[in-house]
Amino acid sequence: MPHPRRRPADLRRSFVPLAPSTARALPVLGLVVTLGVALAACSPDGSASDEPSPSATTAGGAATTGYPLTLDNCGVEVTVDAAPERVVTIKSSTTEMLLALGLGDRVVGTAYPDGPVAEWLADAAEGNEAIASPLSDKVPGSEAVLELEPDLVYAGWESNLTAEGAGDRETLGTMGVATYVSPSACKDPAYQPAPLTYEDVFAEILEVGGVFDVQGAAQELVDAQRAELADVEADTRGLTALWYSSGSDIPYVGGGIGSPQMVMEAVGLENVAAGIDDTWGPYSWENAIETDPDVLVLVDSAWNSAENKIEVLEENPATANLTAVREGRYLVVPFPATEAGVRSVSAAADLADQLGS
């Protein structure tokens, strides 16, 4: 299920190529996660449990899900009695996951969108009023969620599911509403991917495919994304980079274990903030000046655009002297592509294209 890519619009300057240096190889991907392993419940140490796989194989060879299906999701036991029919998604990554799996008709409510749906998913989203008109620009309240009578709430972050937000997971469960959090966002050290890899992203696709009993579509999507990732050519110049997500006085940047690190490694960039043992975190302009990265990866969002970030960088006398700022070495990534999900591979492909221009 390949999809076309479009490079972000140019900002004030095109990327300035640097002289080649030591070659950097594309990181070796981890073990392939098979559907049975992806669906099997896991113990906190990541080992497979003694429970049998909830998937089965029909006479035709296609995998099917055996319900009820119980999963260990970020340390919470989740049981679904049948393929969910009414789903509320929170964050763009979860909405786009279901669209990519052909499950857009199951989405009855969305919230906390990070930006427009990816162009390659626009047709799948067309006509879905729940996607066109989200419940809330931020985390929805539990009353608004429950009014839609969902059988599943699929959240991008654990913090979306609290009593102050869409509802805490235990309470929702007692009301017959299952919950699922993107495994890449688990914060408990026993469950948090550290570092996150593309294999973790693919495993979520397969697991969600199992929850909805659309294993064929999930495997097709993973196969297409593996092929696209294999075509990404890592830059071999040994460039350093800082992933600038938000903030002005104190920049919020991509740390050493999350999606930004994963994407930068895939395109051959060395993250100067890799010492931050988190997915994202606060940095300092003093550290940025000291490391003087070759490239700045700018996250483009409606509330803090790449253009605005460039103004901040160029108007601050200290950061204006950064090599990347003086020479206009900016790469741009849209905010919805910064969190782990079905855009993670295209994010790497787009940045690689920009580096090669």
# chains A, B, ... in the order shown; residues from 1 in each chain; ligands from 1

$ closest_atom_pairs --of "region 123-157 of chain A" --to "region 169-192 of chain A" --cutoff "8 Å" --atoms "only C-alpha atoms" --output "JSON lines"
{"residue": "A:Pro150", "atom": "CA", "partner": "A:Val177", "partner_atom": "CA", "distance": 6.4}
{"residue": "A:Asp151", "atom": "CA", "partner": "A:Val177", "partner_atom": "CA", "distance": 4.7}
{"residue": "A:Leu152", "atom": "CA", "partner": "A:Ala178", "partner_atom": "CA", "distance": 4.6}
{"residue": "A:Val153", "atom": "CA", "partner": "A:Thr179", "partner_atom": "CA", "distance": 4.8}
{"residue": "A:Tyr154", "atom": "CA", "partner": "A:Tyr180", "partner_atom": "CA", "distance": 4.8}
{"residue": "A:Ala155", "atom": "CA", "partner": "A:Val181", "partner_atom": "CA", "distance": 4.8}
{"residue": "A:Gly156", "atom": "CA", "partner": "A:Ser182", "partner_atom": "CA", "distance": 5.3}
{"residue": "A:Trp157", "atom": "CA", "partner": "A:Ala185", "partner_atom": "CA", "distance": 5.5}

$ select_by_dssp --residues "region 91-243 of chain A" --states "alpha helix (DSSP H)" --output "PyMOL selection string"
chain A and resi 92-100+122-125+129-132+142-147+169-174+198-211+215-230

$ residues_around --residues "Leu98 (chain A)" --least-positions-apart "4" --cutoff "12 Å" --atoms "only C-alpha atoms" --output "ChimeraX atom specification"
/A:84-94,102-108,110,117,121,124-125,131,154-155,204-209,211-212,214,217-218,221,341-342

$ closest_atom_pairs --of "region 159-214 of chain A" --to "region 266-273 of chain A" --cutoff "12 Å" --atoms "only C-alpha atoms" --output "tab-separated table"
residue	atom	partner	partner_atom	distance
A:Leu196	CA	A:Ala266	CA	12.0
A:Thr197	CA	A:Ala266	CA	9.8
A:Tyr198	CA	A:Ala266	CA	9.3

$ residues_around --residues "Gln261 (chain A)" --least-positions-apart "5" --cutoff "8 Å" --atoms "only C-alpha atoms" --output "mmCIF file with C-alpha atoms, in the first residue's frame"
data_model
loop_
_atom_site.group_PDB
_atom_site.id
_atom_site.type_symbol
_atom_site.label_atom_id
_atom_site.label_comp_id
_atom_site.auth_asym_id
_atom_site.auth_seq_id
_atom_site.Cartn_x
_atom_site.Cartn_y
_atom_site.Cartn_z
ATOM 1 C CA GLY A 254 14.005 15.419 20.201
ATOM 2 C CA GLY A 255 15.804 13.287 22.772
ATOM 3 C CA GLY A 256 17.724 10.053 22.470
ATOM 4 C CA ASN A 271 21.487 13.831 17.275
ATOM 5 C CA ALA A 274 20.883 12.158 22.195
ATOM 6 C CA THR A 279 11.534 10.974 23.651
#

$ atom_distance --atom1 "CA of Val232 (chain A)" --atom2 "CA of Ala348 (chain A)"
7.2 Å

$ select_by_dssp --residues "region 94-180 of chain A" --states "strand (DSSP E)" --output "list in words"
Val107, Val108, Gly109, Thr110, Ala111, Leu152, Val153, Tyr154, Ala155, Ala178, Thr179 and Tyr180 of chain A

$ atom_distance --atom1 "CA of Ile257 (chain A)" --atom2 "CA of Leu296 (chain A)"
18.3 Å

$ closest_residue --among "A:Thr240, A:Asn73, A:Ser248, A:Thr338" --to "Pro293 (chain A)" --atoms "only C-alpha atoms"
A:Thr240

$ decode --residues "region 180-195 of chain A" --atoms "all heavy atoms" --output "tab-separated table (two decimals), in the first residue's frame"
chain	number	residue	atom	x	y	z
A	180	TYR	N	-6.78	1.56	24.33
A	180	TYR	CA	-5.50	1.12	23.77
A	180	TYR	C	-4.64	2.36	23.57
A	180	TYR	O	-5.09	3.35	22.98
A	180	TYR	CB	-5.72	0.40	22.44
A	180	TYR	CG	-4.47	-0.17	21.83
A	180	TYR	CD1	-4.00	-1.44	22.19
A	180	TYR	CD2	-3.75	0.53	20.88
A	180	TYR	CE1	-2.84	-1.97	21.62
A	180	TYR	CE2	-2.60	0.00	20.30
A	180	TYR	CZ	-2.16	-1.25	20.68
A	180	TYR	OH	-1.01	-1.77	20.12
A	181	VAL	N	-3.41	2.30	24.07
A	181	VAL	CA	-2.45	3.40	23.93
A	181	VAL	C	-1.35	2.94	22.98
A	181	VAL	O	-0.89	1.79	23.06
A	181	VAL	CB	-1.85	3.78	25.29
A	181	VAL	CG1	-0.75	4.83	25.12
A	181	VAL	CG2	-2.94	4.30	26.23
A	182	SER	N	-0.92	3.83	22.11
A	182	SER	CA	0.19	3.49	21.22
A	182	SER	C	1.36	3.01	22.07
A	182	SER	O	1.84	3.74	22.95
A	182	SER	CB	0.62	4.71	20.41
A	182	SER	OG	-0.40	5.11	19.53
A	183	PRO	N	1.84	1.78	21.85
A	183	PRO	CA	2.92	1.25	22.67
A	183	PRO	C	4.19	2.11	22.66
A	183	PRO	O	4.94	2.11	23.63
A	183	PRO	CB	3.18	-0.13	22.06
A	183	PRO	CG	1.87	-0.52	21.47
A	183	PRO	CD	1.30	0.76	20.93
A	184	SER	N	4.40	2.86	21.60
A	184	SER	CA	5.57	3.74	21.55
A	184	SER	C	5.52	4.82	22.61
A	184	SER	O	6.54	5.42	22.95
A	184	SER	CB	5.67	4.40	20.17
A	184	SER	OG	4.53	5.22	19.92
A	185	ALA	N	4.31	5.09	23.14
A	185	ALA	CA	4.13	6.15	24.12
A	185	ALA	C	4.09	5.64	25.55
A	185	ALA	O	3.89	6.42	26.49
A	185	ALA	CB	2.85	6.92	23.82
A	186	CYS	N	4.27	4.34	25.77
A	186	CYS	CA	4.28	3.82	27.14
A	186	CYS	C	5.40	4.48	27.93
A	186	CYS	O	6.53	4.59	27.45
A	186	CYS	CB	4.50	2.31	27.13
A	186	CYS	SG	3.22	1.34	26.30
A	187	LYS	N	5.12	4.91	29.15
A	187	LYS	CA	6.13	5.61	29.96
A	187	LYS	C	6.75	4.74	31.04
A	187	LYS	O	7.86	5.04	31.51
A	187	LYS	CB	5.50	6.85	30.61
A	187	LYS	CG	4.99	7.87	29.61
A	187	LYS	CD	6.05	8.37	28.66
A	187	LYS	CE	7.08	9.25	29.35
A	187	LYS	NZ	8.06	9.80	28.39
A	188	ASP	N	6.08	3.66	31.43
A	188	ASP	CA	6.67	2.75	32.41
A	188	ASP	C	7.93	2.15	31.79
A	188	ASP	O	7.89	1.61	30.68
A	188	ASP	CB	5.67	1.65	32.73
A	188	ASP	CG	6.14	0.72	33.83
A	188	ASP	OD1	7.36	0.50	33.98
A	188	ASP	OD2	5.27	0.18	34.55
A	189	PRO	N	9.08	2.25	32.49
A	189	PRO	CA	10.33	1.71	31.92
A	189	PRO	C	10.22	0.24	31.51
A	189	PRO	O	10.96	-0.21	30.63
A	189	PRO	CB	11.33	1.90	33.07
A	189	PRO	CG	10.81	3.05	33.85
A	189	PRO	CD	9.31	2.90	33.79
A	190	ALA	N	9.32	-0.50	32.13
A	190	ALA	CA	9.17	-1.91	31.76
A	190	ALA	C	8.52	-2.08	30.39
A	190	ALA	O	8.61	-3.16	29.79
A	190	ALA	CB	8.33	-2.63	32.82
A	191	TYR	N	7.88	-1.03	29.89
A	191	TYR	CA	7.16	-1.11	28.63
A	191	TYR	C	7.63	-0.10	27.59
A	191	TYR	O	7.38	-0.28	26.40
A	191	TYR	CB	5.66	-0.91	28.86
A	191	TYR	CG	5.03	-2.03	29.66
A	191	TYR	CD1	4.99	-1.98	31.05
A	191	TYR	CD2	4.51	-3.16	29.03
A	191	TYR	CE1	4.43	-3.01	31.79
A	191	TYR	CE2	3.96	-4.19	29.77
A	191	TYR	CZ	3.92	-4.11	31.14
A	191	TYR	OH	3.38	-5.15	31.87
A	192	GLN	N	8.28	0.95	28.03
A	192	GLN	CA	8.69	2.00	27.09
A	192	GLN	C	9.79	1.50	26.16
A	192	GLN	O	10.83	1.01	26.62
A	192	GLN	CB	9.20	3.22	27.85
A	192	GLN	CG	9.59	4.38	26.95
A	192	GLN	CD	10.12	5.57	27.74
A	192	GLN	OE1	10.93	5.41	28.65
A	192	GLN	NE2	9.64	6.75	27.42
A	193	PRO	N	9.62	1.62	24.84
A	193	PRO	CA	10.70	1.27	23.92
A	193	PRO	C	11.85	2.26	24.11
A	193	PRO	O	11.65	3.47	24.00
A	193	PRO	CB	10.07	1.43	22.54
A	193	PRO	CG	8.59	1.43	22.76
A	193	PRO	CD	8.40	2.03	24.12
A	194	ALA	N	13.03	1.77	24.42
A	194	ALA	CA	14.16	2.66	24.69
A	194	ALA	C	15.46	2.04	24.14
A	194	ALA	O	16.10	1.28	24.86
A	194	ALA	CB	14.28	2.93	26.19
A	195	PRO	N	15.82	2.34	22.92
A	195	PRO	CA	15.19	3.34	22.06
A	195	PRO	C	14.08	2.75	21.21
A	195	PRO	O	14.01	1.53	20.99
A	195	PRO	CB	16.35	3.78	21.16
A	195	PRO	CG	17.16	2.52	21.00
A	195	PRO	CD	17.09	1.84	22.35
